[in-house]
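Asks: Structure file model-v7.csv, CSV, C-alpha atoms and all ligand atoms, is pasted below:
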```csv
chain,number,residue,atom,x,y,z
I,21,MET,CA,27.7,53.6,-6.0
I,22,HIS,CA,23.9,54.2,-5.9
I,23,ASN,CA,22.3,57.3,-7.4
I,24,SER,CA,20.9,59.0,-4.3
I,25,ARG,CA,18.0,60.7,-6.2
I,26,ILE,CA,16.3,58.1,-8.4
I,27,ILE,CA,14.5,55.0,-7.3
I,28,THR,CA,15.9,52.5,-9.8
I,29,ASN,CA,13.8,49.5,-9.1
I,30,GLU,CA,10.2,49.3,-10.3
I,31,PHE,CA,7.5,48.7,-7.7
I,32,ASP,CA,3.7,48.7,-7.2
I,33,PHE,CA,2.0,51.0,-4.9
I,34,CYS,CA,-1.2,50.2,-3.0
I,35,GLN,CA,-3.3,52.4,-0.7
I,36,PRO,CA,-5.8,50.3,1.2
I,37,ALA,CA,-8.6,52.2,2.9
I,38,THR,CA,-9.2,49.7,5.7
I,39,LEU,CA,-7.2,47.4,8.0
I,40,THR,CA,-9.0,44.4,6.5
I,41,GLU,CA,-7.9,45.4,3.0
I,42,LEU,CA,-4.4,46.0,4.3
I,43,PHE,CA,-4.1,42.6,5.9
I,44,GLY,CA,-5.5,41.0,2.8
I,45,LEU,CA,-2.7,42.5,0.8
I,46,LEU,CA,0.0,41.5,3.3
I,47,ASN,CA,-1.3,37.9,3.4
I,48,GLU,CA,-1.1,37.4,-0.4
I,49,PRO,CA,1.3,34.5,-1.0
I,50,GLY,CA,4.8,35.2,-2.2
I,51,GLY,CA,4.5,38.9,-1.5
I,52,ASP,CA,7.5,41.2,-1.2
I,53,ASP,CA,5.7,44.1,0.5
I,54,ARG,CA,7.0,47.0,2.5
I,55,LEU,CA,4.8,49.3,4.5
I,56,ILE,CA,5.1,53.0,3.7
I,57,ALA,CA,3.7,55.8,5.9
I,58,GLY,CA,5.0,59.3,5.4
I,59,GLY,CA,7.8,57.9,3.3
I,60,THR,CA,10.5,60.2,4.8
I,61,ASP,CA,12.8,57.2,5.6
I,62,ILE,CA,11.7,54.4,3.4
I,63,LEU,CA,12.0,56.4,0.1
I,64,VAL,CA,15.5,57.6,1.0
I,65,MET,CA,16.5,54.0,1.6
I,66,MET,CA,15.0,52.9,-1.7
I,67,LYS,CA,16.8,55.7,-3.5
I,68,GLU,CA,20.0,54.4,-1.9
I,69,GLY,CA,19.2,50.9,-2.9
I,70,ARG,CA,19.1,49.7,0.7
I,71,HIS,CA,15.5,48.4,0.2
I,72,CYS,CA,14.1,47.2,-3.1
I,73,PRO,CA,10.5,46.0,-2.3
I,74,LYS,CA,8.3,44.8,-5.2
I,75,ARG,CA,5.3,46.6,-3.6
I,76,LEU,CA,4.8,49.5,-1.2
I,77,VAL,CA,1.6,49.3,0.9
I,78,SER,CA,0.6,52.6,2.4
I,79,THR,CA,-1.0,53.1,5.8
I,80,MET,CA,-2.0,56.7,5.2
I,81,LYS,CA,-5.5,56.2,3.8
I,82,ILE,CA,-6.6,54.1,6.7
I,83,ASP,CA,-8.6,56.3,9.1
I,84,GLU,CA,-8.5,53.6,11.8
I,85,LEU,CA,-4.8,54.3,12.2
I,86,ASP,CA,-5.0,58.0,12.7
I,87,PHE,CA,-6.1,58.8,16.2
I,88,ILE,CA,-5.0,60.0,19.6
I,89,GLU,CA,-7.1,59.0,22.6
I,90,ILE,CA,-6.7,58.9,26.4
I,91,LYS,CA,-8.5,56.2,28.3
I,92,ASP,CA,-7.8,54.6,31.7
I,93,GLY,CA,-4.6,56.7,32.1
I,94,VAL,CA,-3.1,55.6,28.8
I,95,MET,CA,-2.5,57.8,25.8
I,96,ARG,CA,-2.9,55.7,22.6
I,97,ILE,CA,-1.6,57.0,19.4
I,98,GLY,CA,-2.6,55.4,16.1
I,99,ALA,CA,0.4,54.3,13.9
I,100,ALA,CA,-0.4,56.7,11.0
I,101,THR,CA,-0.7,59.8,13.2
I,102,LYS,CA,1.5,62.5,11.9
I,103,LEU,CA,4.3,63.8,14.1
I,104,LYS,CA,2.9,67.3,14.1
I,105,LYS,CA,-0.3,66.1,15.7
I,106,VAL,CA,1.6,64.0,18.2
I,107,ALA,CA,3.8,66.9,19.2
I,108,ALA,CA,0.7,69.2,19.7
I,109,ALA,CA,-1.1,66.6,21.9
I,110,CYS,CA,2.0,66.0,24.1
I,111,ARG,CA,2.5,69.7,24.6
I,112,GLU,CA,-0.7,69.8,26.6
I,113,ILE,CA,0.4,67.2,29.2
I,114,LYS,CA,3.1,68.5,31.6
I,115,SER,CA,4.5,65.0,32.6
I,116,ILE,CA,5.2,64.0,29.0
I,117,LEU,CA,6.8,67.3,27.8
I,118,ALA,CA,9.9,65.3,26.9
I,119,LEU,CA,7.9,63.5,24.2
I,120,HIS,CA,6.7,66.8,22.9
I,121,GLU,CA,10.3,68.1,22.8
I,122,GLY,CA,11.7,64.9,21.2
I,123,VAL,CA,9.0,64.7,18.5
I,124,SER,CA,9.1,68.5,17.7
I,125,SER,CA,12.9,68.2,17.1
I,126,ILE,CA,12.5,65.7,14.2
I,127,GLY,CA,13.5,67.4,11.0
I,128,LYS,CA,11.6,70.6,10.2
I,129,LEU,CA,7.9,71.4,9.5
I,130,GLN,CA,7.9,69.5,6.2
I,131,ILE,CA,9.0,66.3,8.0
I,132,LEU,CA,6.6,66.8,10.9
I,133,ASN,CA,3.7,67.3,8.4
I,134,MET,CA,4.5,64.0,6.6
I,135,ALA,CA,6.2,61.6,8.9
I,136,THR,CA,4.4,59.4,11.4
I,137,ILE,CA,5.1,58.1,14.9
I,138,ALA,CA,5.2,54.4,13.8
I,139,GLY,CA,7.6,55.3,11.0
I,140,ASN,CA,10.0,56.9,13.5
I,141,ILE,CA,9.9,53.8,15.7
I,142,CYS,CA,9.9,51.1,12.9
I,143,THR,CA,12.9,52.7,11.1
I,144,ALA,CA,14.8,51.5,14.2
I,145,SER,CA,17.4,54.2,13.9
I,146,PRO,CA,19.6,54.5,17.0
I,147,ALA,CA,19.1,58.2,16.6
I,148,ALA,CA,15.2,58.3,16.3
I,149,ASP,CA,14.2,61.2,18.5
I,150,SER,CA,10.8,59.9,19.7
I,151,VAL,CA,12.3,56.8,21.1
I,152,PRO,CA,14.2,57.9,24.2
I,153,PRO,CA,11.2,59.8,25.6
I,154,LEU,CA,8.9,56.9,24.8
I,155,LEU,CA,11.3,54.4,26.6
I,156,THR,CA,11.4,56.5,29.8
I,157,LEU,CA,7.6,56.5,29.8
I,158,GLY,CA,7.3,52.7,29.7
I,159,THR,CA,5.6,52.7,26.2
I,160,THR,CA,4.2,49.5,24.7
I,161,LEU,CA,3.1,48.9,21.1
I,162,THR,CA,0.0,47.1,19.9
I,163,LEU,CA,0.9,45.0,16.8
I,164,LYS,CA,-1.9,43.7,14.6
I,165,SER,CA,-2.1,41.1,11.9
I,166,GLY,CA,-5.0,39.4,10.1
I,167,ASP,CA,-4.8,36.7,12.9
I,168,GLY,CA,-5.1,39.0,16.0
I,169,GLU,CA,-3.0,41.3,18.0
I,170,ARG,CA,-0.2,41.3,20.7
I,171,GLN,CA,1.4,43.8,23.0
I,172,VAL,CA,5.2,44.4,23.0
I,173,ALA,CA,7.3,46.7,25.2
I,174,LEU,CA,9.1,49.2,23.0
I,175,GLU,CA,12.3,48.2,24.8
I,176,ASP,CA,11.9,44.7,23.3
I,177,PHE,CA,10.7,45.8,19.9
I,178,ILE,CA,13.7,47.6,18.5
I,179,LEU,CA,16.5,45.0,18.1
I,180,GLY,CA,19.2,46.9,16.3
I,181,PRO,CA,19.7,49.4,13.5
I,182,GLY,CA,16.9,48.8,11.0
I,183,LYS,CA,15.7,45.7,12.9
I,184,THR,CA,12.5,45.2,14.9
I,185,ALA,CA,10.6,42.3,16.3
I,186,ILE,CA,7.7,42.8,13.9
I,187,GLY,CA,6.4,39.8,11.9
I,188,ARG,CA,6.1,39.7,8.1
I,189,ASP,CA,2.3,40.1,8.2
I,190,GLU,CA,2.1,42.4,11.2
I,191,ILE,CA,1.9,46.2,11.5
I,192,VAL,CA,2.2,48.5,14.4
I,193,TYR,CA,-1.3,49.5,15.2
I,194,SER,CA,-0.8,51.9,18.1
I,195,VAL,CA,1.8,53.4,20.5
I,196,ASN,CA,0.5,53.2,24.1
I,197,ILE,CA,1.9,55.6,26.7
I,198,PRO,CA,1.0,55.1,30.3
I,199,LEU,CA,0.5,58.7,31.5
I,200,PRO,CA,2.6,59.3,34.6
I,201,ALA,CA,1.0,60.0,38.0
I,202,GLU,CA,1.3,63.4,39.7
I,203,GLY,CA,4.7,64.7,40.6
I,204,VAL,CA,6.4,63.6,37.4
I,205,GLY,CA,8.5,65.9,35.3
I,206,SER,CA,10.3,65.1,32.0
I,207,SER,CA,12.7,66.7,29.6
I,208,PHE,CA,14.6,65.9,26.3
I,209,ARG,CA,17.8,67.3,24.7
I,210,LYS,CA,19.5,66.6,21.5
I,211,MET,CA,22.9,67.6,20.1
I,212,GLU,CA,23.1,68.0,16.3
I,213,ARG,CA,25.8,69.1,13.8
I,214,VAL,CA,23.4,71.7,12.3
I,215,GLY,CA,19.7,72.5,12.6
I,216,ALA,CA,17.3,69.8,11.4
I,217,ASP,CA,19.9,67.1,11.6
I,218,ILE,CA,19.9,63.6,13.0
I,219,ALA,CA,21.2,63.5,16.6
I,220,LYS,CA,24.8,63.0,17.5
I,221,ILE,CA,23.3,62.2,20.9
I,222,ASN,CA,19.9,62.6,22.4
I,223,ILE,CA,18.6,62.0,25.9
I,224,ALA,CA,15.3,61.9,27.7
I,225,ILE,CA,14.5,61.8,31.4
I,226,SER,CA,11.4,61.3,33.5
I,227,ILE,CA,11.6,62.0,37.3
I,228,LYS,CA,9.1,61.4,40.0
I,229,ARG,CA,9.5,63.9,42.8
I,230,ASN,CA,8.0,64.1,46.2
I,231,GLY,CA,8.9,67.4,47.8
I,232,ASP,CA,12.7,67.4,47.6
I,233,VAL,CA,13.0,63.7,47.4
I,234,CYS,CA,13.7,62.0,44.0
I,235,GLU,CA,11.4,58.9,44.1
I,236,SER,CA,12.5,57.6,40.7
I,237,CYS,CA,14.5,58.6,37.7
I,238,LYS,CA,14.3,57.0,34.3
I,239,VAL,CA,16.9,57.9,31.6
I,240,ALA,CA,17.2,56.9,28.0
I,241,VAL,CA,20.0,57.9,25.6
I,242,GLY,CA,20.0,57.6,21.8
I,243,SER,CA,22.7,57.6,19.1
I,244,CYS,CA,25.2,56.0,21.6
I,245,ALA,CA,24.7,52.3,20.9
I,246,PRO,CA,23.0,50.1,18.3
I,247,THR,CA,19.6,51.0,19.9
I,248,ALA,CA,18.5,53.7,22.2
I,249,LEU,CA,19.4,52.6,25.7
I,250,LEU,CA,17.4,52.7,28.9
I,251,ILE,CA,20.0,53.4,31.6
I,252,ASP,CA,19.3,52.1,35.1
I,253,GLU,CA,22.3,53.6,37.0
I,254,PRO,CA,21.0,57.1,37.6
I,255,GLY,CA,17.8,55.6,39.1
I,256,GLY,CA,20.0,53.5,41.4
I,257,ILE,CA,22.0,56.5,42.5
I,258,LEU,CA,19.1,59.0,42.9
I,259,SER,CA,16.0,57.1,44.0
I,260,GLY,CA,15.0,57.9,47.5
I,261,GLN,CA,17.6,60.7,47.8
I,262,LEU,CA,17.0,64.2,49.1
I,263,ILE,CA,18.0,66.6,46.3
I,264,SER,CA,19.1,69.8,48.0
I,265,ASP,CA,20.7,71.2,44.8
I,266,PRO,CA,20.1,69.9,41.3
I,267,GLU,CA,23.8,70.7,40.5
I,268,SER,CA,25.1,68.7,43.5
I,269,ASP,CA,27.8,66.0,43.5
I,270,LEU,CA,25.1,63.4,43.6
I,271,ILE,CA,23.6,64.6,40.2
I,272,ARG,CA,27.2,64.8,38.8
I,273,ARG,CA,27.8,61.2,39.9
I,274,ALA,CA,24.6,60.1,38.1
I,275,GLY,CA,25.8,62.0,35.0
I,276,VAL,CA,29.1,60.1,35.1
I,277,ALA,CA,27.2,56.9,35.4
I,278,VAL,CA,25.3,57.7,32.2
I,279,SER,CA,28.5,58.5,30.3
I,280,GLU,CA,29.9,55.2,31.5
I,281,ALA,CA,26.8,53.1,30.6
I,282,ILE,CA,26.5,54.2,26.9
I,283,ARG,CA,28.4,52.4,24.2
I,284,PRO,CA,29.2,55.1,21.6
I,285,ILE,CA,31.3,54.8,18.5
I,286,ASP,CA,33.1,57.2,16.1
I,287,ASP,CA,31.0,57.8,13.0
I,288,ILE,CA,30.2,60.5,10.5
I,289,ARG,CA,28.3,62.5,13.0
I,290,SER,CA,30.6,62.5,16.0
I,291,THR,CA,33.2,60.7,18.1
I,292,ALA,CA,32.8,58.3,21.0
I,293,GLU,CA,34.9,60.5,23.2
I,294,TYR,CA,32.6,63.6,22.5
I,295,ARG,CA,29.5,61.6,23.1
I,296,ARG,CA,30.7,60.3,26.5
I,297,LYS,CA,31.7,63.8,27.6
I,298,VAL,CA,28.4,65.4,26.4
I,299,ALA,CA,26.3,62.6,27.9
I,300,LYS,CA,27.2,63.7,31.4
I,301,VAL,CA,26.5,67.4,30.7
I,302,LEU,CA,23.2,66.7,28.9
I,303,PHE,CA,22.1,64.5,31.8
I,304,MET,CA,22.7,67.3,34.3
I,305,ASP,CA,20.8,69.7,32.0
I,306,VAL,CA,17.7,67.5,31.5
I,307,PHE,CA,17.7,66.5,35.2
I,308,GLN,CA,17.5,70.2,36.2
I,309,VAL,CA,14.6,71.0,33.8
I,310,ALA,CA,12.6,67.8,34.7
I,311,TRP,CA,13.2,68.4,38.4
I,312,ASP,CA,11.7,71.9,38.2
I,313,ARG,CA,8.9,70.7,36.0
I,314,ALA,CA,8.0,68.0,38.6
I,315,LYS,CA,7.8,70.5,41.4
I,316,GLY,CA,4.5,72.1,40.4
I,317,ASP,CA,2.5,68.9,41.1
I,318,ALA,CA,4.5,67.7,44.1
I,319,SER,CA,4.7,70.6,46.5
V,401,LIG,C1,15.4,65.8,5.9
V,401,LIG,C2,15.1,64.8,7.0
V,401,LIG,C3,15.4,65.1,8.3
V,401,LIG,C4,15.1,64.1,9.3
V,401,LIG,N1,15.4,64.4,10.6
V,401,LIG,C5,15.1,63.5,11.6
V,401,LIG,C6,15.4,63.9,12.9
V,401,LIG,O1,15.8,65.0,13.3
V,401,LIG,N2,15.1,62.9,13.9
V,401,LIG,C7,14.6,61.7,13.6
V,401,LIG,O2,14.4,60.9,14.5
V,401,LIG,N3,14.4,61.4,12.3
V,401,LIG,C8,14.6,62.2,11.3
V,401,LIG,N4,14.4,61.9,10.0
V,401,LIG,C9,13.9,60.5,9.7
V,401,LIG,C10,12.4,60.4,9.5
V,401,LIG,O3,11.8,61.6,9.1
V,401,LIG,C11,11.6,59.8,10.7
V,401,LIG,O4,12.2,58.6,11.1
V,401,LIG,C12,10.1,59.6,10.4
V,401,LIG,O5,9.5,59.6,11.6
V,401,LIG,C13,9.7,58.3,9.6
V,401,LIG,O6,8.3,58.3,9.6
V,401,LIG,P1,7.6,58.0,8.2
V,401,LIG,O7,6.1,58.0,8.5
V,401,LIG,O8,8.0,58.9,7.1
V,401,LIG,O9,8.1,56.5,7.9
V,401,LIG,P2,8.3,55.8,6.5
V,401,LIG,O10,9.5,56.3,5.8
V,401,LIG,O11,7.1,55.7,5.7
V,401,LIG,O12,8.6,54.3,7.1
V,401,LIG,C14,9.7,54.1,7.9
V,401,LIG,C15,9.8,52.6,8.3
V,401,LIG,O13,8.7,52.3,9.1
V,401,LIG,C16,7.9,51.2,8.6
V,401,LIG,N5,6.5,51.5,9.0
V,401,LIG,C17,5.8,52.6,8.8
V,401,LIG,N6,4.6,52.5,9.4
V,401,LIG,C18,4.6,51.2,9.9
V,401,LIG,C19,3.6,50.5,10.7
V,401,LIG,N7,2.4,51.0,11.0
V,401,LIG,N8,3.9,49.3,11.1
V,401,LIG,C20,5.1,48.7,10.8
V,401,LIG,N9,6.0,49.3,10.1
V,401,LIG,C21,5.8,50.6,9.7
V,401,LIG,C22,8.2,51.2,7.1
V,401,LIG,O14,8.0,50.0,6.5
V,401,LIG,C23,9.6,51.6,7.1
V,401,LIG,O15,10.5,50.5,7.3
V,401,LIG,C24,14.6,62.8,9.0
V,401,LIG,C25,14.4,62.5,7.6
V,401,LIG,C26,14.6,63.5,6.6
V,401,LIG,C27,14.4,63.1,5.2
```
Write out the structure in this file as structure tokens.
Replies:
Amino acid sequence: MHNSRIITNEFDFCQPATLTELFGLLNEPGGDDRLIAGGTDILVMMKEGRHCPKRLVSTMKIDELDFIEIKDGVMRIGAATKLKKVAAACREIKSILALHEGVSSIGKLQILNMATIAGNICTASPAADSVPPLLTLGTTLTLKSGDGERQVALEDFILGPGKTAIGRDEIVYSVNIPLPAEGVGSSFRKMERVGADIAKINIAISIKRNGDVCESCKVAVGSCAPTALLIDEPGGILSGQLISDPESDLIRRAGVAVSEAIRPIDDIRSTAEYRRKVAKVLFMDVFQVAWDRAKGDAS
């Protein structure tokens, strides 16, 4: 059994100040590097012996990675931007309130003050709370290496628990969120065992509303499969439908579709049966909140 409090392997620690310096380090031959940002996941894994890199390379002194900008309808968040700053920026934009809620729910203030948006994504935890809202918003990532850059849809980036599509010499440079048009409302909910816990299940929704017609409905659920899942069925049931009552049978049917589409397991945090039951109820809750939020712009 591993001691959970002491990092037993020796490692070097580098804090480059520029991207050029960072890529120089990552390109050194024979390197066994691991990126570290806030360290709130990677250090826990090193204490548990799950990762034993020879060198940690920090992103936190690189000013080029700490930014939030909105240009041409896209919010770009630099990889090393702290979660507290991300939550504050998203609170100001009604259509992405789900992202504000998801990010704000991560740990407590200490975590929000240390951890970064790229760290939450790259850990590739099925329970990561920023991921369901980001999926419903059609987020892409800009990956950079010493040789150039490429864009990847978030949906294609997270491959399984702890696994991503990132290359050995690549980093996530920015998280790119297309800001929804008018008439979009969103919402996020999470069930935990206790406060400041990892989710038993989390869910995000983004609805486009035109008067009382639901034009589109995007739903993502976390902690109920090896990766957070974008679920198409509610969109199929609700798109183009007149919503006379957000608690109607139609919404209930969409909730059942969500609970049937997830692939939950029994684990230390919950059971598959509980997750399926709660998925339907959470869907109905987030639908109602997002539907009301979408109204202001639409009618
Ligand atoms: C007490 C506690 C409570 C927590 N509660 C929650 C919670 O409620 N919800 C939740 O989702 N998470 C929770 N977490 C997990 C954790 O805080 C988050 O996942 C956090 O966002 C990780 O960010 P970080 O900057 O600390 O990442 P780090 O630990 O520094 O790195 C995490 C991973 O990302 C990689 N990485 C970092 N930056 C980059 C980059 N730019 N490019 C490529 N790879 C990169 C690292 O190599 C590493 O593999 C909790 C953790 C603790 C300790």
Asks: How would you report the residues lying within 6 Å of ligand LIG 401 (chain V), as an MDAnalysis selection string, if you count only C-alpha atoms and all ligand atoms?
Replies: chainID I and resid 54:62 99 125:127 131 135:140 142:143 147:149 191:193 216:218
Asks: Give as an NGL selection string each residue that has an atom at most 8 Å from (10.9, 52.2, 30.5) in the file, counting only C-alpha atoms.
Replies: :I and (154-159 or 175 or 238 or 250)
Asks: Select, from I:Lys183, I:Ala173, I:Ala144, I:Ile227, the residue with the minimum atom-to-atom distance to Gly242 (chain I), counting only C-alpha atoms.
Replies: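 The answer is I:Ala144, which sits nearest to Gly242 (chain I).
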Asks: Find the residue from I:Ser226, I:Ser150, I:Gln308, I:Ser124 that sits nearest to Ile263 (chain I); use all atoms listed in the file when measuring.
Replies: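 Using all atoms listed in the file, Ile263 (chain I) sits closest to I:Gln308.
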Asks: Tell me which of I:Glu84, I:Glu89, I:Asp176, I:Asp32 sits closest to Leu249 (chain I), counting all atoms listed in the file.
Replies: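 Of I:Glu84, I:Glu89, I:Asp176, I:Asp32, the one nearest Leu249 (chain I) is I:Asp176, counting all atoms listed in the file.
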Asks: So the first atom is CA of Leu85 (chain I) and the second is CA of Gly50 (chain I); what is the distance between them in Å, to one decimal place?
Replies: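 Separating CA of Leu85 (chain I) from CA of Gly50 (chain I) is a distance of 25.8 Å.
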Asks: I:Asp189, I:Lys104, I:Gly255, I:Met95: which is nearest Pro49 (chain I), counting all atoms listed in the file?
Replies: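 For Pro49 (chain I), the nearest of the candidates is I:Asp189.
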Asks: What is the distance, in Å and to one decimal place, between CA of Lys102 (chain I) and CA of Cys237 (chain I)?
Replies: 29.2 Å
Asks: Go through I:Cys110, I:Phe31, I:Leu46, I:Glu169 one by one, measure the shortest atom-to-atom distance of each to Lys74 (chain I) using only C-alpha atoms, and give the residue with the smallest value.
Replies: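 Once distances to Lys74 (chain I) are computed over only C-alpha atoms, the minimum belongs to I:Phe31.
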Asks: When you draw a straight line from CA of Arg209 (chain I) to CA of Arg273 (chain I), how long is it in Å?
Replies: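 Separation of CA of Arg209 (chain I) and CA of Arg273 (chain I): 19.2 Å.
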Asks: Neighbours of Glu293 (chain I) within 12 Å (all atoms listed in the file; same-chain residues fewer than 3 positions away dropped), as a PyMOL selection string?
Replies: chain I and resi 220-221+244+279-280+282-287+290+296-300
Asks: May I ask which of the residues I:Ala248, I:Leu174, I:Val239, I:Cys234 is the closest one to Val306 (chain I), counting only C-alpha atoms?
Replies: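 Among the listed residues, the smallest separation from Val306 (chain I) belongs to I:Val239.
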Asks: Skip Leu119 (chain I) itself and residues of its chain fewer than 3 positions away, then list as a PDB file with C-alpha atoms, in the frame of the given file all residues within 8 Å of it, counting all atoms listed in the file.
Replies:
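The result, stored in around-v5.pdb:
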```pdb
ATOM      1  CA  ALA I 107       3.800  66.900  19.200  1.00  0.00           C
ATOM      2  CA  CYS I 110       2.000  66.000  24.100  1.00  0.00           C
ATOM      3  CA  ILE I 116       5.200  64.000  29.000  1.00  0.00           C
ATOM      4  CA  GLY I 122      11.700  64.900  21.200  1.00  0.00           C
ATOM      5  CA  VAL I 123       9.000  64.700  18.500  1.00  0.00           C
ATOM      6  CA  SER I 150      10.800  59.900  19.700  1.00  0.00           C
ATOM      7  CA  PRO I 153      11.200  59.800  25.600  1.00  0.00           C
ATOM      8  CA  LEU I 154       8.900  56.900  24.800  1.00  0.00           C
ATOM      9  CA  SER I 207      12.700  66.700  29.600  1.00  0.00           C
ATOM     10  CA  PHE I 208      14.600  65.900  26.300  1.00  0.00           C
TER      11      PHE I 208
END
```
Asks: Determine, counting only C-alpha atoms, every residue of protein, DNA or RNA that lies within 12 Å of (28.1, 53.0, 37.5) in the file coordinates, then give the result as a list of chain:residue names.
Replies: I:Ile251, I:Asp252, I:Glu253, I:Pro254, I:Gly255, I:Gly256, I:Ile257, I:Arg272, I:Arg273, I:Ala274, I:Gly275, I:Val276, I:Ala277, I:Val278, I:Ser279, I:Glu280, I:Ala281, I:Ile282
Asks: Save the residues we just selected, C-alpha atoms, as a PDB file, in the coordinates of the input?
Replies:
```pdb
ATOM      1  CA  ILE I 251      20.000  53.400  31.600  1.00  0.00           C
ATOM      2  CA  ASP I 252      19.300  52.100  35.100  1.00  0.00           C
ATOM      3  CA  GLU I 253      22.300  53.600  37.000  1.00  0.00           C
ATOM      4  CA  PRO I 254      21.000  57.100  37.600  1.00  0.00           C
ATOM      5  CA  GLY I 255      17.800  55.600  39.100  1.00  0.00           C
ATOM      6  CA  GLY I 256      20.000  53.500  41.400  1.00  0.00           C
ATOM      7  CA  ILE I 257      22.000  56.500  42.500  1.00  0.00           C
ATOM      8  CA  ARG I 272      27.200  64.800  38.800  1.00  0.00           C
ATOM      9  CA  ARG I 273      27.800  61.200  39.900  1.00  0.00           C
ATOM     10  CA  ALA I 274      24.600  60.100  38.100  1.00  0.00           C
ATOM     11  CA  GLY I 275      25.800  62.000  35.000  1.00  0.00           C
ATOM     12  CA  VAL I 276      29.100  60.100  35.100  1.00  0.00           C
ATOM     13  CA  ALA I 277      27.200  56.900  35.400  1.00  0.00           C
ATOM     14  CA  VAL I 278      25.300  57.700  32.200  1.00  0.00           C
ATOM     15  CA  SER I 279      28.500  58.500  30.300  1.00  0.00           C
ATOM     16  CA  GLU I 280      29.900  55.200  31.500  1.00  0.00           C
ATOM     17  CA  ALA I 281      26.800  53.100  30.600  1.00  0.00           C
ATOM     18  CA  ILE I 282      26.500  54.200  26.900  1.00  0.00           C
TER      19      ILE I 282
END
```
Asks: Might I get the box with edges along x, y and z of the file that holds all atoms of region 235-252 of chain I listed there, padded by 4 Å on every side, given as centre and edge lengths in Å to one decimal, as lines of an AutoDock Vina configuration file?
Replies:
```
center_x = 18.3
center_y = 54.5
center_z = 31.2
size_x = 21.8
size_y = 16.8
size_z = 33.8
```
Asks: If we count all atoms listed in the file, what is near Val195 (chain I) at a cut-off of 6 Å, once residues fewer than 4 positions away on the same chain are taken out, given as JSON, numbers by chain?
Replies: {"I": [96, 97, 161]}
Asks: Name the residues in contact with Gly166 (chain I) at a cut-off of 9 Å, using only C-alpha atoms, excluding same-chain residues fewer than 3 positions from it; report them as an mmCIF file with C-alpha atoms, keeping the file's coordinate frame.
Replies:
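Okay, out.cif is ready:
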```cif
data_model
loop_
_atom_site.group_PDB
_atom_site.id
_atom_site.type_symbol
_atom_site.label_atom_id
_atom_site.label_comp_id
_atom_site.auth_asym_id
_atom_site.auth_seq_id
_atom_site.Cartn_x
_atom_site.Cartn_y
_atom_site.Cartn_z
ATOM 1 C CA LEU I 39 -7.200 47.400 8.000
ATOM 2 C CA THR I 40 -9.000 44.400 6.500
ATOM 3 C CA LEU I 42 -4.400 46.000 4.300
ATOM 4 C CA PHE I 43 -4.100 42.600 5.900
ATOM 5 C CA GLY I 44 -5.500 41.000 2.800
ATOM 6 C CA LEU I 46 0.000 41.500 3.300
ATOM 7 C CA ASN I 47 -1.300 37.900 3.400
ATOM 8 C CA GLU I 169 -3.000 41.300 18.000
ATOM 9 C CA ASP I 189 2.300 40.100 8.200
ATOM 10 C CA GLU I 190 2.100 42.400 11.200
#
```
